[in-house]
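*Asks:* Data file start_4.cif (mmCIF, C-alpha atoms and all ligand atoms) is appended below.
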data_work
#
loop_
_atom_site.label_atom_id
_atom_site.label_comp_id
_atom_site.auth_asym_id
_atom_site.auth_seq_id
_atom_site.Cartn_x
_atom_site.Cartn_y
_atom_site.Cartn_z
CA MET W 1 -5.76 -19.28 1.01
CA LYS W 2 -6.17 -20.93 4.43
CA ILE W 3 -4.18 -18.20 6.18
CA LYS W 4 -5.31 -17.83 9.79
CA ASN W 5 -5.35 -14.58 11.74
CA CYS W 6 -3.46 -14.46 15.02
CA TYR W 7 -2.11 -11.97 17.52
CA PHE W 8 1.31 -11.91 19.16
CA PRO W 9 2.62 -9.56 21.88
CA LEU W 10 3.58 -5.97 21.25
CA PHE W 11 6.66 -6.35 23.46
CA VAL W 12 9.84 -8.07 22.31
CA SER W 13 12.29 -9.37 24.89
CA PRO W 14 15.84 -8.16 24.06
CA GLY W 15 17.25 -11.67 23.85
CA VAL W 16 15.29 -12.63 20.74
CA LEU W 17 15.51 -9.21 19.09
CA GLU W 18 19.29 -9.38 18.93
CA LYS W 19 19.13 -13.00 17.81
CA GLU W 20 19.58 -12.18 14.14
CA LYS W 21 22.59 -9.90 14.26
CA ASP W 22 22.98 -9.38 10.53
CA HIS W 23 19.71 -7.78 9.55
CA VAL W 24 18.78 -6.18 12.89
CA GLU W 25 21.99 -4.13 13.14
CA GLY W 26 20.90 -2.00 10.19
CA PHE W 27 17.55 -1.41 11.83
CA ALA W 28 18.66 -1.21 15.47
CA PRO W 29 18.50 2.62 15.68
CA GLU W 30 14.79 2.42 14.83
CA VAL W 31 13.84 0.10 17.69
CA ALA W 32 11.79 1.84 20.41
CA TRP W 33 12.42 0.63 23.97
CA VAL W 34 10.32 0.80 27.15
CA THR W 35 12.78 1.63 29.93
CA LYS W 36 10.56 2.73 32.85
CA SER W 37 7.27 1.87 34.51
CA GLY W 38 5.96 4.76 36.55
CA LYS W 39 8.92 6.37 38.29
CA SER W 40 11.11 3.30 38.45
CA ASP W 41 13.47 2.02 35.78
CA LEU W 42 12.88 -1.40 34.33
CA GLU W 43 15.45 -4.04 35.23
CA VAL W 44 15.67 -4.94 31.56
CA PRO W 45 14.36 -2.57 28.83
CA ILE W 46 11.69 -4.09 26.60
CA ALA W 47 11.48 -3.40 22.84
CA ILE W 48 8.27 -2.49 21.05
CA ARG W 49 7.82 -4.59 17.92
CA PRO W 50 9.09 -2.94 14.73
CA THR W 51 8.05 -6.16 12.96
CA SER W 52 7.18 -9.51 14.44
CA GLU W 53 9.65 -12.13 13.15
CA THR W 54 11.49 -12.28 16.46
CA VAL W 55 8.25 -12.47 18.44
CA MET W 56 6.65 -15.20 16.35
CA TYR W 57 9.45 -17.44 15.19
CA PRO W 58 10.44 -18.87 18.57
CA TYR W 59 6.89 -20.26 18.63
CA TYR W 60 7.11 -21.44 15.03
CA SER W 61 10.15 -23.43 16.15
CA LYS W 62 8.14 -25.03 18.99
CA TRP W 63 5.04 -25.69 16.87
CA ILE W 64 6.64 -27.08 13.72
CA ARG W 65 7.91 -30.63 14.25
CA GLY W 66 6.84 -32.77 11.33
CA HIS W 67 5.82 -32.13 7.73
CA ARG W 68 2.19 -32.46 8.77
CA ASP W 69 2.59 -29.24 10.74
CA LEU W 70 3.24 -27.50 7.41
CA PRO W 71 2.33 -25.23 5.81
CA LEU W 72 1.94 -22.91 8.79
CA ARG W 73 0.32 -19.68 7.59
CA LEU W 74 -0.45 -16.90 10.08
CA ASN W 75 -1.30 -13.24 9.63
CA GLN W 76 -1.72 -10.47 12.15
CA TRP W 77 -3.25 -7.03 11.89
CA CYS W 78 -1.44 -4.74 14.30
CA ASN W 79 0.55 -1.57 14.87
CA VAL W 80 4.33 -1.45 14.72
CA VAL W 81 6.75 1.25 15.87
CA ARG W 82 9.92 2.31 14.08
CA TRP W 83 11.65 5.35 15.50
CA GLU W 84 12.49 6.95 12.15
CA PHE W 85 14.04 10.35 11.81
CA SER W 86 13.71 11.14 8.10
CA ASN W 87 10.88 13.43 7.09
CA PRO W 88 7.73 12.16 8.83
CA THR W 89 4.66 12.39 6.59
CA PRO W 90 1.11 11.42 7.59
CA PHE W 91 0.33 7.88 6.39
CA ILE W 92 3.54 7.74 4.28
CA ARG W 93 6.13 7.71 7.07
CA SER W 94 5.11 7.74 10.73
CA ARG W 95 6.74 6.28 13.82
CA GLU W 96 3.68 4.14 14.49
CA PHE W 97 1.80 2.60 11.59
CA LEU W 98 -0.79 -0.13 11.13
CA TRP W 99 -0.27 -3.09 8.84
CA GLN W 100 -1.00 -6.70 8.28
CA GLU W 101 2.04 -8.92 8.47
CA GLY W 102 1.87 -12.45 7.09
CA HIS W 103 4.36 -15.08 8.20
CA THR W 104 4.25 -18.46 6.48
CA ALA W 105 6.35 -21.63 6.59
CA PHE W 106 6.55 -24.39 3.98
CA ALA W 107 8.30 -27.73 3.48
CA THR W 108 9.58 -26.75 0.03
CA LYS W 109 10.96 -23.67 -1.73
CA GLU W 110 8.52 -24.20 -4.61
CA GLU W 111 5.54 -23.69 -2.28
CA ALA W 112 7.12 -20.56 -0.80
CA ASP W 113 7.95 -19.13 -4.24
CA ALA W 114 4.37 -19.70 -5.38
CA GLU W 115 2.84 -18.01 -2.34
CA VAL W 116 5.08 -14.95 -2.68
CA LEU W 117 3.45 -14.25 -6.04
CA ASP W 118 -0.08 -15.15 -4.90
CA ILE W 119 0.19 -12.55 -2.14
CA LEU W 120 1.71 -9.97 -4.47
CA GLU W 121 -1.30 -10.41 -6.76
CA LEU W 122 -3.62 -9.72 -3.81
CA TYR W 123 -1.67 -6.52 -3.14
CA ARG W 124 -1.96 -5.51 -6.79
CA ARG W 125 -5.74 -6.09 -6.57
CA ILE W 126 -6.05 -3.98 -3.40
CA TYR W 127 -4.32 -1.09 -5.15
CA GLU W 128 -5.90 -1.38 -8.60
CA GLU W 129 -9.38 -2.71 -7.83
CA PHE W 130 -10.05 -0.88 -4.55
CA LEU W 131 -7.77 2.15 -4.27
CA ALA W 132 -7.87 2.72 -8.07
CA VAL W 133 -4.08 3.14 -8.02
CA PRO W 134 -2.03 1.49 -10.81
CA VAL W 135 1.05 -0.39 -9.59
CA ILE W 136 4.03 -2.14 -11.15
CA LYS W 137 4.91 -5.65 -9.98
CA GLY W 138 8.59 -6.43 -9.79
CA LYS W 139 11.58 -7.62 -7.86
CA LYS W 140 13.78 -5.45 -5.62
CA SER W 141 17.50 -5.35 -6.30
CA GLU W 142 19.91 -7.05 -3.90
CA LEU W 143 20.71 -3.62 -2.49
CA GLU W 144 17.08 -2.61 -1.94
CA LYS W 145 15.66 -5.96 -0.78
CA PHE W 146 15.00 -6.96 2.86
CA ALA W 147 18.50 -7.97 3.96
CA GLY W 148 17.19 -10.78 6.18
CA GLY W 149 15.48 -12.50 3.28
CA LEU W 150 16.31 -14.32 0.05
CA TYR W 151 14.45 -12.00 -2.34
CA THR W 152 11.83 -9.27 -2.17
CA THR W 153 8.96 -8.71 -4.58
CA THR W 154 7.04 -5.46 -4.56
CA VAL W 155 4.19 -3.47 -6.02
CA GLU W 156 5.49 0.00 -6.81
CA ALA W 157 3.24 3.06 -7.19
CA PHE W 158 4.17 6.43 -8.63
CA ILE W 159 3.14 9.96 -7.59
CA PRO W 160 3.10 12.07 -10.80
CA ASN W 161 2.86 15.40 -8.95
CA THR W 162 6.16 14.87 -7.18
CA GLY W 163 7.75 12.46 -9.66
CA ARG W 164 8.51 10.03 -6.87
CA GLY W 165 8.06 6.28 -6.74
CA ILE W 166 6.72 4.65 -3.61
CA GLN W 167 6.84 1.07 -2.39
CA GLY W 168 3.21 0.00 -2.09
CA ALA W 169 3.56 -3.39 -0.40
CA THR W 170 6.12 -6.19 -0.23
CA SER W 171 6.14 -9.95 -0.34
CA HIS W 172 9.46 -11.50 0.69
CA CYS W 173 10.77 -15.00 0.33
CA LEU W 174 12.95 -15.42 3.43
CA GLY W 175 14.53 -18.64 2.19
CA GLN W 176 15.81 -20.63 5.17
CA ASN W 177 17.62 -17.70 6.82
CA PHE W 178 15.20 -17.38 9.72
CA ALA W 179 14.73 -21.16 9.98
CA LYS W 180 18.46 -21.40 10.61
CA MET W 181 18.45 -18.59 13.22
CA PHE W 182 15.37 -19.80 15.07
CA GLU W 183 15.93 -23.54 14.46
CA ILE W 184 12.59 -24.03 12.72
CA ASN W 185 13.14 -27.62 11.59
CA PHE W 186 10.85 -30.48 10.73
CA GLU W 187 11.08 -34.16 9.94
CA ASN W 188 10.31 -34.42 6.25
CA GLU W 189 8.47 -37.25 4.52
CA LYS W 190 11.66 -39.24 4.20
CA GLY W 191 12.24 -38.94 7.95
CA GLU W 192 15.15 -36.54 7.49
CA LYS W 193 15.58 -33.35 9.51
CA ALA W 194 15.00 -30.33 7.26
CA MET W 195 14.60 -26.58 7.66
CA VAL W 196 11.40 -24.83 6.59
CA TRP W 197 11.16 -22.29 3.74
CA GLN W 198 9.48 -19.06 4.85
CA ASN W 199 7.77 -15.97 3.45
CA SER W 200 6.70 -12.73 5.07
CA TRP W 201 4.57 -10.06 3.50
CA ALA W 202 2.90 -6.79 4.51
CA TYR W 203 0.94 -3.81 3.44
CA THR W 204 0.40 -0.79 5.65
CA THR W 205 -1.57 2.39 6.26
CA ARG W 206 0.88 3.96 3.79
CA THR W 207 -1.63 2.77 1.15
CA ILE W 208 -3.98 5.53 2.36
CA GLY W 209 -1.31 8.15 1.74
CA VAL W 210 -0.70 6.81 -1.76
CA MET W 211 -4.44 6.95 -2.55
CA ILE W 212 -4.67 10.53 -1.23
CA MET W 213 -1.71 11.73 -3.30
CA VAL W 214 -2.70 9.95 -6.50
CA HIS W 215 -6.36 11.03 -6.60
CA GLY W 216 -6.44 14.27 -4.61
CA ASP W 217 -6.98 17.59 -6.43
CA ASP W 218 -7.08 21.31 -5.55
CA LYS W 219 -10.48 20.89 -3.91
CA GLY W 220 -9.21 18.20 -1.53
CA LEU W 221 -9.55 14.43 -1.23
CA VAL W 222 -11.05 12.27 -3.95
CA LEU W 223 -12.04 8.88 -2.50
CA PRO W 224 -12.63 5.81 -4.68
CA PRO W 225 -16.21 4.62 -4.00
CA LYS W 226 -15.10 1.08 -3.10
CA VAL W 227 -13.18 2.33 -0.06
CA ALA W 228 -15.11 5.53 0.78
CA ALA W 229 -16.71 5.29 4.24
CA THR W 230 -19.47 7.53 2.86
CA GLN W 231 -20.14 7.10 -0.86
CA VAL W 232 -23.04 9.52 -1.25
CA ILE W 233 -23.82 12.73 0.62
CA VAL W 234 -27.39 14.05 0.24
CA ILE W 235 -27.84 17.82 0.60
CA PRO W 236 -31.21 19.57 0.92
CA VAL W 237 -31.49 22.78 -1.14
CA PRO W 238 -34.42 24.64 0.38
CA TYR W 239 -35.65 27.70 -1.50
CA LYS W 240 -37.33 30.44 0.51
CA ASP W 241 -40.31 28.64 2.11
CA ALA W 242 -41.04 26.34 -0.85
CA ASP W 243 -42.02 23.09 0.83
CA THR W 244 -38.90 22.83 3.00
CA GLN W 245 -40.29 19.87 4.96
CA GLY W 246 -41.00 18.05 1.72
CA ILE W 247 -37.38 18.54 0.67
CA LEU W 248 -36.05 17.30 4.03
CA ASP W 249 -38.32 14.24 3.87
CA ALA W 250 -37.16 13.51 0.32
CA CYS W 251 -33.53 13.69 1.48
CA ALA W 252 -34.20 11.33 4.38
CA ALA W 253 -36.06 8.94 2.10
CA THR W 254 -33.18 9.03 -0.41
CA VAL W 255 -30.63 8.14 2.29
CA LYS W 256 -32.89 5.35 3.53
CA THR W 257 -33.44 3.86 0.07
CA LEU W 258 -29.74 3.97 -0.81
CA SER W 259 -28.64 2.61 2.59
CA GLU W 260 -31.11 -0.28 2.40
CA SER W 261 -29.51 -1.30 -0.89
CA GLY W 262 -26.03 -1.30 0.64
CA ILE W 263 -24.88 2.09 -0.62
CA ARG W 264 -23.16 4.09 2.12
CA ALA W 265 -25.23 7.31 2.08
CA GLU W 266 -25.55 10.13 4.58
CA ALA W 267 -27.41 13.47 4.59
CA ASP W 268 -26.19 16.85 5.83
CA PHE W 269 -29.20 18.44 7.55
CA ARG W 270 -27.23 21.10 9.42
CA ASP W 271 -29.26 24.27 9.12
CA ASN W 272 -26.43 26.60 10.13
CA TYR W 273 -24.57 26.05 6.83
CA SER W 274 -25.63 26.98 3.31
CA PRO W 275 -25.85 24.35 0.52
CA GLY W 276 -22.85 26.00 -1.17
CA TRP W 277 -20.77 25.71 1.98
CA LYS W 278 -21.77 22.06 2.27
CA TYR W 279 -20.81 21.36 -1.39
CA SER W 280 -17.25 22.58 -0.75
CA HIS W 281 -17.03 20.85 2.62
CA TRP W 282 -17.95 17.41 1.28
CA GLU W 283 -15.85 17.92 -1.86
CA MET W 284 -12.85 18.54 0.39
CA LYS W 285 -13.68 15.33 2.26
CA GLY W 286 -13.60 13.52 -1.10
CA ILE W 287 -17.12 12.05 -1.02
CA PRO W 288 -17.46 10.40 -4.45
CA LEU W 289 -21.05 11.49 -5.18
CA ARG W 290 -23.25 14.38 -4.04
CA ILE W 291 -27.04 14.38 -4.33
CA GLU W 292 -28.83 17.72 -4.26
CA ILE W 293 -32.60 17.92 -3.74
CA GLY W 294 -34.35 21.28 -4.26
CA PRO W 295 -37.95 22.31 -5.03
CA LYS W 296 -37.61 21.62 -8.78
CA ASP W 297 -36.17 18.17 -8.16
CA LEU W 298 -39.03 17.46 -5.76
CA ALA W 299 -41.59 18.59 -8.29
CA ASN W 300 -39.99 16.49 -11.05
CA LYS W 301 -39.51 13.46 -8.75
CA GLN W 302 -35.79 13.45 -9.52
CA VAL W 303 -32.48 14.18 -7.81
CA ARG W 304 -29.45 16.08 -9.08
CA VAL W 305 -26.19 14.06 -8.77
CA VAL W 306 -22.73 15.64 -8.97
CA ARG W 307 -19.60 13.46 -9.39
CA ARG W 308 -16.52 14.35 -7.32
CA ASP W 309 -14.04 12.95 -9.85
CA ASN W 310 -15.05 15.05 -12.87
CA SER W 311 -17.78 17.39 -11.47
CA ALA W 312 -20.25 16.02 -14.03
CA LYS W 313 -23.88 16.80 -13.11
CA SER W 314 -26.93 14.75 -14.08
CA ASP W 315 -30.55 14.25 -13.01
CA ILE W 316 -31.74 10.83 -11.87
CA PRO W 317 -35.45 9.91 -11.58
CA MET W 318 -36.23 8.95 -8.00
CA ASP W 319 -37.77 5.64 -9.09
CA SER W 320 -34.47 4.42 -10.59
CA LEU W 321 -32.32 5.96 -7.87
CA VAL W 322 -30.49 2.87 -6.59
CA GLU W 323 -29.70 1.39 -10.00
CA LYS W 324 -28.44 4.71 -11.41
CA VAL W 325 -26.43 5.66 -8.32
CA ARG W 326 -24.74 2.24 -8.35
CA GLU W 327 -23.87 2.76 -12.03
CA VAL W 328 -22.38 6.19 -11.41
CA LEU W 329 -20.33 4.94 -8.45
CA ASP W 330 -18.90 2.17 -10.66
CA GLU W 331 -18.10 4.72 -13.37
CA ILE W 332 -16.29 6.91 -10.83
CA GLN W 333 -14.27 3.92 -9.58
CA GLN W 334 -13.27 2.96 -13.11
CA ASN W 335 -12.55 6.54 -14.18
CA LEU W 336 -10.27 7.20 -11.20
CA PHE W 337 -8.22 4.14 -12.12
CA SER W 338 -7.95 4.89 -15.84
CA VAL W 339 -7.03 8.54 -15.24
CA ALA W 340 -4.35 7.51 -12.73
CA LYS W 341 -3.08 4.84 -15.14
CA GLN W 342 -2.83 7.33 -17.99
CA LYS W 343 -0.99 9.84 -15.78
CA LYS W 344 1.48 7.20 -14.64
CA GLU W 345 2.12 5.88 -18.15
CA ALA W 346 2.70 9.47 -19.33
CA CYS W 347 5.42 9.81 -16.68
CA ILE W 348 7.37 6.74 -17.76
CA LYS W 349 10.47 7.58 -19.78
CA VAL W 350 12.62 4.88 -21.40
CA VAL W 351 16.27 5.98 -21.36
CA LYS W 352 19.42 4.40 -22.82
CA THR W 353 22.16 6.87 -21.79
CA TRP W 354 23.27 8.81 -18.71
CA GLU W 355 22.39 12.14 -20.31
CA GLU W 356 18.86 10.94 -21.11
CA PHE W 357 18.65 9.63 -17.53
CA LEU W 358 19.51 13.01 -15.98
CA GLU W 359 17.16 14.79 -18.38
CA ALA W 360 14.26 12.47 -17.47
CA LEU W 361 15.07 12.91 -13.79
CA SER W 362 14.86 16.69 -14.07
CA GLN W 363 11.45 16.26 -15.71
CA LYS W 364 10.25 14.20 -12.68
CA LYS W 365 9.85 11.08 -14.81
CA LEU W 366 9.66 7.45 -13.78
CA ILE W 367 12.69 6.04 -15.55
CA LEU W 368 12.88 2.64 -17.27
CA ALA W 369 16.48 1.85 -18.18
CA PRO W 370 18.61 -1.16 -19.20
CA TRP W 371 20.97 -2.07 -16.32
CA CYS W 372 23.99 -4.37 -15.99
CA ASP W 373 22.53 -5.49 -12.61
CA GLU W 374 25.79 -4.72 -10.77
CA GLU W 375 25.40 -3.42 -7.22
CA GLU W 376 28.46 -1.15 -7.54
CA VAL W 377 26.78 0.61 -10.44
CA GLU W 378 23.55 0.98 -8.45
CA LYS W 379 25.55 2.49 -5.57
CA SER W 380 27.36 4.89 -7.90
CA VAL W 381 24.06 6.09 -9.42
CA LYS W 382 22.91 6.84 -5.85
CA GLU W 383 26.15 8.69 -5.20
CA ARG W 384 26.04 10.69 -8.43
CA THR W 385 22.41 11.77 -7.91
CA LYS W 386 22.56 12.66 -4.21
CA GLY W 387 21.02 16.05 -3.54
CA GLU W 388 18.38 17.80 -1.44
CA MET W 389 15.72 16.00 -3.47
CA GLY W 390 17.08 12.69 -2.24
CA ALA W 391 19.05 10.11 -4.16
CA VAL W 392 17.83 8.05 -7.07
CA LYS W 393 17.52 4.31 -6.58
CA THR W 394 16.15 1.26 -8.31
CA LEU W 395 12.45 0.89 -7.56
CA CYS W 396 12.09 -2.59 -9.02
CA SER W 397 12.89 -4.77 -11.99
CA PRO W 398 9.45 -5.31 -13.51
CA PHE W 399 8.34 -8.92 -14.04
CA ASP W 400 6.99 -7.64 -17.33
CA GLN W 401 10.39 -7.10 -19.02
CA PRO W 402 10.45 -5.25 -22.37
CA GLU W 403 12.55 -6.70 -25.21
CA LEU W 404 16.30 -6.42 -24.44
CA PRO W 405 18.08 -6.58 -27.83
CA GLU W 406 21.52 -8.21 -27.90
CA GLY W 407 24.20 -5.60 -27.36
CA THR W 408 22.03 -3.19 -25.35
CA LEU W 409 24.32 -1.39 -22.90
CA CYS W 410 23.70 -0.32 -19.30
CA PHE W 411 22.71 3.36 -19.19
CA ALA W 412 25.06 4.02 -16.25
CA SER W 413 28.08 1.74 -16.77
CA GLY W 414 28.11 1.04 -20.50
CA LYS W 415 28.49 -2.67 -19.67
CA PRO W 416 26.20 -5.22 -21.34
CA ALA W 417 22.70 -4.73 -19.89
CA LYS W 418 21.11 -7.73 -18.18
CA LYS W 419 17.63 -6.39 -17.36
CA TRP W 420 15.30 -3.42 -17.52
CA SER W 421 14.75 -1.64 -14.18
CA TYR W 422 12.66 1.26 -12.96
CA TRP W 423 14.69 4.06 -11.38
CA GLY W 424 13.59 7.21 -9.62
CA ARG W 425 13.51 9.24 -6.46
CA SER W 426 11.13 7.74 -3.89
CA TYR W 427 9.41 8.22 -0.58
O1 LIG W 501 8.66 -6.20 5.45
C1 LIG W 501 8.31 -7.21 6.01
C2 LIG W 501 6.98 -7.84 5.82
C3 LIG W 501 6.32 -8.16 7.11
C4 LIG W 501 7.27 -8.77 8.11
N1 LIG W 501 8.59 -8.13 8.18
C5 LIG W 501 9.23 -8.00 6.91
C6 LIG W 501 10.64 -7.37 6.98
C7 LIG W 501 10.76 -6.23 7.94
C8 LIG W 501 12.15 -5.61 7.81
N2 LIG W 501 12.44 -4.74 8.96
C9 LIG W 501 12.12 -3.43 8.87
N3 LIG W 501 12.32 -2.58 9.86
C10 LIG W 501 12.90 -3.01 11.04
C11 LIG W 501 13.13 -2.10 12.10
C12 LIG W 501 13.69 -2.54 13.29
C13 LIG W 501 14.04 -3.89 13.45
C14 LIG W 501 13.81 -4.81 12.43
C15 LIG W 501 13.24 -4.36 11.21
C16 LIG W 501 12.99 -5.27 10.09
O2 LIG W 501 13.25 -6.47 10.15
#
Output the file's structure as structure tokens, nothing else.
*Replies:*
Amino acid sequence: MKIKNCYFPLFVSPGVLEKEKDHVEGFAPEVAWVTKSGKSDLEVPIAIRPTSETVMYPYYSKWIRGHRDLPLRLNQWCNVVRWEFSNPTPFIRSREFLWQEGHTAFATKEEADAEVLDILELYRRIYEEFLAVPVIKGKKSELEKFAGGLYTTTVEAFIPNTGRGIQGATSHCLGQNFAKMFEINFENEKGEKAMVWQNSWAYTTRTIGVMIMVHGDDKGLVLPPKVAATQVIVIPVPYKDADTQGILDACAATVKTLSESGIRAEADFRDNYSPGWKYSHWEMKGIPLRIEIGPKDLANKQVRVVRRDNSAKSDIPMDSLVEKVREVLDEIQQNLFSVAKQKKEACIKVVKTWEEFLEALSQKKLILAPWCDEEEVEKSVKERTKGEMGAVKTLCSPFDQPELPEGTLCFASGKPAKKWSYWGRSY
């Protein structure tokens, strides 16, 4: 997509951070500040980036002069700090997290609108094709969107075990809001002065937390093969003194053969742990596939494979090892996705009335309801559902809208419904 990687400073000078009063004020409490170096106080405290608009856009203003400087499309992979106070959770909500943040500028709104959806599709693919997590593409409500932007699109995931939705990644169209604030203008093809149209989009290490919660089971992590650092763990199963060296050599050879074909395989040769202990250990770590090699396997020139996703066992002849292991890894990847998709679909409840809404909520469902699209109603649903479990909010209005028959009424206000929206508690 001709997006270039870049890197901008971690530190934000106060002047620019306060530049955009409107949207920063809501976030101001989360900004972390450096106030000392060694024992002495800094003349002027320096902020640590919570996001990089204010760091990057002064340069966008300098760099963008004419329409030939557009589109400008930069991305950076970095950490950001937001001093949050609500329940910190590893990967899901931490004061420092890693992300990529894309910041693009275009001559026209049409180009920006198109890119917003191109990026959102990439995010969907990361979740569904790599993390094996099904997501719903949609638009955030005016209340839930990024206040500094024009509109926010999102991929929403769902955690069946807790009945909570979670924002997976966002792709915002900023409109010309930031162009106005940072004077990012250009001379267009007709020689007129015009402001750029911008997008910004990000996904974060929160994706890891989503993957862990969606696939994990009582034995521990379950990692999708496509993203598992180790896809196969090979475990020797010596038996008394039956040709132990032969078994160890076969394990080493198996790792070598798999590794040479691009499969990420390791062996566990530690002799101070039993095979059984190792099975549990690597199951907890979520390794997608285990290979056991004992005397019988050696004699039959085969290996025993055990899948982490469904514990299925099978024997694979050593001479078709690579081909069969690749097949099984693909099956595991596909199975993880279809199981997660089934679970999510089973949690979706379509409701038409407030009573049905409350009932579905108590059953930890992901609610799809017709809504009049009025912010006051959204706020009152939040109010009426506040509790120790957290309030209910709109997660997104899915691009894929079901039929909305004439006369359908909003579940919360009874006014004519304008759109279907997903509602639920969230992270
Ligand atoms: O989502 C994205 C995608 C990547 C680039 N940034 C946008 C919007 C970030 C919104 N945001 C979120 N927390 C903040 C915290 C402190 C100051 C400012 C902010 C802030 O602007």
*Asks:* Take the point (23.2, 10.0, -12.6) as written in the file and pick out every residue within 8 Å of it, counting all atoms listed in the file; give the list as JSON, numbers by chain.
*Replies:* {"W": [354, 357, 358, 381, 382, 384, 385, 392, 412]}
*Asks:* I'd like the interatomic distance between atom CA of Asn188 of chain W and atom CA of Leu150 of chain W, to a tenth of an Å.
*Replies:*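 Interatomic distance, atom CA of Asn188 of chain W to atom CA of Leu150 of chain W: 21.9 Å.
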*Asks:* Could you make a table, as a tab-separated table, of the residues of chain W that have an atom within 8 Å of an atom of ligand LIG 501 (chain W), each with its nearest atom pair and distance in Å to one decimal, counting only C-alpha atoms and all ligand atoms, in chain and number order?
*Replies:*
residue	atom	partner	partner_atom	distance
W:Leu17	CA	W:LIG501	C13	7.9
W:His23	CA	W:LIG501	O2	6.6
W:Val24	CA	W:LIG501	C14	5.2
W:Glu25	CA	W:LIG501	C13	8.0
W:Gly26	CA	W:LIG501	C13	7.8
W:Phe27	CA	W:LIG501	C12	4.3
W:Ala28	CA	W:LIG501	C12	5.6
W:Pro29	CA	W:LIG501	C12	7.4
W:Glu30	CA	W:LIG501	C12	5.3
W:Val31	CA	W:LIG501	C12	5.1
W:Arg49	CA	W:LIG501	C13	7.7
W:Pro50	CA	W:LIG501	C12	4.8
W:Thr51	CA	W:LIG501	N1	5.2
W:Ser52	CA	W:LIG501	C4	6.4
W:Glu53	CA	W:LIG501	N1	6.5
W:Arg82	CA	W:LIG501	C11	5.8
W:Gln100	CA	W:LIG501	C3	7.6
W:Glu101	CA	W:LIG501	C3	4.6
W:Gly102	CA	W:LIG501	C3	6.2
W:His103	CA	W:LIG501	C4	6.9
W:Phe146	CA	W:LIG501	C8	5.9
W:Ala147	CA	W:LIG501	C8	7.8
W:Gly148	CA	W:LIG501	O2	7.1
W:Gly149	CA	W:LIG501	C6	8.0
W:Thr170	CA	W:LIG501	O1	6.2
W:Ser171	CA	W:LIG501	C2	6.6
W:His172	CA	W:LIG501	C2	6.8
W:Ser200	CA	W:LIG501	C2	5.0
W:Trp201	CA	W:LIG501	C2	4.0
W:Ala202	CA	W:LIG501	C2	4.4
W:Tyr203	CA	W:LIG501	C2	7.6
*Asks:* Fewer than 3 positions away in the same chain doesn't count, so skip those; otherwise give me all residues within 8 Å of Tyr123 of chain W, counting only C-alpha atoms, as a ChimeraX atom specification.
*Replies:* /W:119-120,126-127,155,169,203
*Asks:* In Å, how far is it from atom CA of Glu156 of chain W to atom CA of Glu403 of chain W?
*Replies:*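 About the pair atom CA of Glu156 of chain W and atom CA of Glu403 of chain W: they are 20.8 Å apart.
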*Asks:* Which residues of segment 128-167 of chain W sit at most 8 Å from segment 224-229 of chain W, using all atoms listed in the file? Give each one's shortest atom pair and distance in Å (one decimal place), in chain and ascending residue order, as a Markdown table.
*Replies:*
| residue | atom | partner | partner_atom | distance |
| --- | --- | --- | --- | --- |
| W:Phe130 | CA | W:Lys226 | CA | 5.6 |
| W:Leu131 | CA | W:Pro224 | CA | 6.1 |
| W:Ala132 | CA | W:Pro224 | CA | 6.6 |
*Asks:* Between atom CA of Glu345 of chain W and atom CA of Thr204 of chain W, what is the distance, to one decimal in Å?
*Replies:*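 Between atom CA of Glu345 of chain W and atom CA of Thr204 of chain W the gap is 24.8 Å.
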*Asks:* Would you kindly return, as a PyMOL selection string, each protein, DNA or RNA residue with an atom no farther than 7 Å from any atom of segment 283-299 of chain W, considering only C-alpha atoms and excluding same-chain residues fewer than 2 positions away?
*Replies:* chain W and resi 219-225+230-239+242+247+251+279-281+301-309
*Asks:* Which of these, W:Glu111, W:Glu359, W:Glu183, W:Glu43, has the shortest distance to Leu72 of chain W once you count only C-alpha atoms?
*Replies:*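 Nearest candidate to Leu72 of chain W out of W:Glu111, W:Glu359, W:Glu183, W:Glu43: W:Glu111.
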*Asks:* Just give me the residues with any atom within 12 Å of (-0.3, 8.9, -0.8), file coordinates, counting all atoms listed in the file, written as a PyMOL selection string.
*Replies:* chain W and resi 89-93+127+131+133+157-162+164-168+204-216+221-223+426-427
*Asks:* Using the file's own x, y and z axes, what box holds all listed atoms of segment 279-287 of chain W with 6 Å on each side, keeping edges along x, y and z, and what are its centre and edge lengths in Å to one decimal, as JSON?
*Replies:*
{"center_x": -16.8, "center_y": 17.3, "center_z": 0.4, "size_x": 20.0, "size_y": 22.5, "size_z": 16.5}
*Asks:* Please determine, counting all atoms listed in the file, which residue among W:Trp423, W:Trp371, W:Tyr57, W:Phe106 has the shortest atom-to-atom distance to Thr408 of chain W.
*Replies:*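 The shortest atom-to-atom distance to Thr408 of chain W comes from W:Trp371.
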*Asks:* From the block you just saw, export segment 174-185 of chain W: C-alpha atoms, as a PDB file, in the first residue's frame.
*Replies:*
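Result file selection_11.pdb:
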ATOM      1  CA  LEU W 174      -9.854  12.304  11.042  1.00  0.00           C
ATOM      2  CA  GLY W 175     -11.487  14.501   8.424  1.00  0.00           C
ATOM      3  CA  GLN W 176      -9.734  17.882   8.355  1.00  0.00           C
ATOM      4  CA  ASN W 177      -9.812  18.423  12.129  1.00  0.00           C
ATOM      5  CA  PHE W 178      -6.083  17.943  12.633  1.00  0.00           C
ATOM      6  CA  ALA W 179      -5.243  19.718   9.357  1.00  0.00           C
ATOM      7  CA  LYS W 180      -6.991  22.765  10.762  1.00  0.00           C
ATOM      8  CA  MET W 181      -5.196  22.550  14.139  1.00  0.00           C
ATOM      9  CA  PHE W 182      -1.750  21.910  12.697  1.00  0.00           C
ATOM     10  CA  GLU W 183      -2.218  23.956   9.498  1.00  0.00           C
ATOM     11  CA  ILE W 184      -1.510  21.029   7.195  1.00  0.00           C
ATOM     12  CA  ASN W 185      -2.403  22.746   3.919  1.00  0.00           C
TER      13      ASN W 185
END
